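Trainee: Below you will find the structure I want to go over with you.
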Amino acid sequence: MQTQDRSVRFNAGGVYVEADVSMPEDAVAIVLFVHGSGSSRHSPRNQFVAGHLHAQRLGTVLVDLLTPDEERADQFTGHLRFDIGFLTRRVTAIVDEMRYEWHLPCGLFGASTGSAASLVVAAKHPKQISAIVSRGGRPDLAGESLSTVQAPTLLIVGEDDRDVVDLNRRAMARMQGEVRLEIVPGASHLFHEPGALEAVAHLAGNWFTSHLGNTGSVRP
């Protein structure tokens, strides 16, 4: 399937962050990848999943939530990647720009602490986010926002990532909206085992295509 690929800069609350946008010609929705600890738009795992989504007529935005200076500082302290409020503000600003650029249903694909930020954004802006997928995420860090998330949410965790499985089960019990937990057999936190990431991509693609609808057009 033909995709239009380009690099963009989003104004994320007064600072500019880099992103890679891939848009199938007949895209019906768009998915923002909200990565977590120590990751970036160049993550091979996210790029793999994004490629699978393109085949299902879903556009993708892979973004660096931190500026280069922030990333360098965070490598030593980790204070930003675990600051859910900070990440939430960044994601909200990016989603606002996306809605101005494209008239398409929007989904969020979160990983690690990015999953928590995705859930908080969805809770605060229920009309803007239509579906969420979390890969190896920390939804528990979304706190009180969990009970008000309306967007259908899929939690994907590796079977061998036992502590995170438990955290996802507890978070799921606090959620009132549509939520499902999928445990990938034999997979660890990074899903590097043969077939594990393929399973993630398949589950995410099915979830988004089922919940993001099949109408919409790209804004000129």
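Ligands are numbered from 1 in the order shown, residues from 1 within each chain, and chains are lettered A, B, ... in the order they appear in the structure tokens.
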Where in region 12-217 of chain A does DSSP assign strand (DSSP E), given as a ChimeraX atom specification?
Mentor: /A:16-24,29-34,58-63,106-111,131-135,153-158,179-184
Trainee: Taking 6 positions as the minimum chain separation for residues in the same chain, which residues sit within 12 Å of region 178-192 of chain A when counting only C-alpha atoms? Answer as a count of residues only.
Mentor: 58
Trainee: For Val21 (chain A), please output as number ranges by chain all residues within 6 Å (counting only C-alpha atoms; exclusion window: fewer than 4 positions along the same chain).
Mentor: A: 5-6, 60-61
Trainee: With N, CA and C atoms retained, could you export that selection as a PDB file, in the first residue's frame?
Mentor:
```
ATOM      1  N   ASP A   5       5.140   9.647   3.289  1.00  0.00           N
ATOM      2  CA  ASP A   5       5.981   9.770   4.468  1.00  0.00           C
ATOM      3  C   ASP A   5       6.610  11.167   4.513  1.00  0.00           C
ATOM      4  N   ARG A   6       6.586  11.760   5.687  1.00  0.00           N
ATOM      5  CA  ARG A   6       7.247  13.062   5.839  1.00  0.00           C
ATOM      6  C   ARG A   6       7.614  13.302   7.289  1.00  0.00           C
ATOM      7  N   THR A  60       0.097   6.822  10.794  1.00  0.00           N
ATOM      8  CA  THR A  60       0.834   6.765  12.064  1.00  0.00           C
ATOM      9  C   THR A  60       1.681   8.016  12.244  1.00  0.00           C
ATOM     10  N   VAL A  61       1.829   8.414  13.499  1.00  0.00           N
ATOM     11  CA  VAL A  61       2.717   9.504  13.887  1.00  0.00           C
ATOM     12  C   VAL A  61       3.642   8.973  14.968  1.00  0.00           C
TER      13      VAL A  61
END
```
Trainee: Report, in Å with one decimal, the straight-line distance from CA of Gly107 (chain A) to CA of Gln2 (chain A).
Mentor: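 CA of Gly107 (chain A) sits 20.9 Å away from CA of Gln2 (chain A).
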Trainee: Smallest atom-to-atom distance to Glu144 (chain A): which of A:Lys127, A:Ser118, A:Val28, A:Met175, using only C-alpha atoms?
Mentor: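 The answer is A:Met175, which sits nearest to Glu144 (chain A).
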Trainee: If you measure from CA of Val120 (chain A) to CA of Ser40 (chain A), what distance in Å do you get, rounded to one decimal?
Mentor: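 Those two atoms sit 20.2 Å apart.
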Trainee: Quick one, how far is CA of Asp140 (chain A) from CA of Thr92 (chain A)?
Mentor: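 Taking CA of Asp140 (chain A) as the start and CA of Thr92 (chain A) as the end point, the length is 19.3 Å.
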Trainee: Can you list every residue in region 25-212 of chain A that DSSP puts in helix (DSSP H, G or I), as JSON, numbers by chain?
Mentor: {"A": [44, 45, 46, 47, 48, 49, 50, 51, 52, 53, 54, 68, 69, 70, 71, 72, 73, 74, 75, 76, 77, 84, 85, 86, 87, 88, 89, 90, 91, 92, 93, 94, 95, 96, 97, 98, 99, 100, 101, 113, 114, 115, 116, 117, 118, 119, 120, 121, 122, 123, 124, 139, 140, 141, 142, 143, 144, 145, 146, 147, 148, 162, 163, 164, 165, 166, 167, 168, 169, 170, 171, 172, 173, 174, 196, 197, 198, 199, 200, 201, 202, 203, 204, 205, 206, 207, 208, 209, 210, 211]}
Trainee: With only C-alpha atoms as the atoms that count, which of A:Asn206, A:Ala122, A:Glu25, A:Gln176 lies nearest to Leu108 (chain A)?
Mentor: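 Closest to Leu108 (chain A), using only C-alpha atoms: A:Ala122.
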Trainee: Of the residues A:Leu104, A:Leu62, A:Val121, A:Val15, which is the one nearest to Arg89 (chain A), using only C-alpha atoms?
Mentor: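 Ranking A:Leu104, A:Leu62, A:Val121, A:Val15 by distance to Arg89 (chain A), first place goes to A:Val121.
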Trainee: Which residues come within 12 Å of Thr3 (chain A), counting only C-alpha atoms, excluding same-chain residues fewer than 3 positions away, as a PyMOL selection string?
Mentor: chain A and resi 6+21-27+50-51+53-60
Trainee: Closest to His35 (chain A) among A:Val17, A:Val8, A:Val95, A:Ala116, using only C-alpha atoms?
Mentor: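 Comparing A:Val17, A:Val8, A:Val95, A:Ala116 against His35 (chain A), the winner is A:Ala116.
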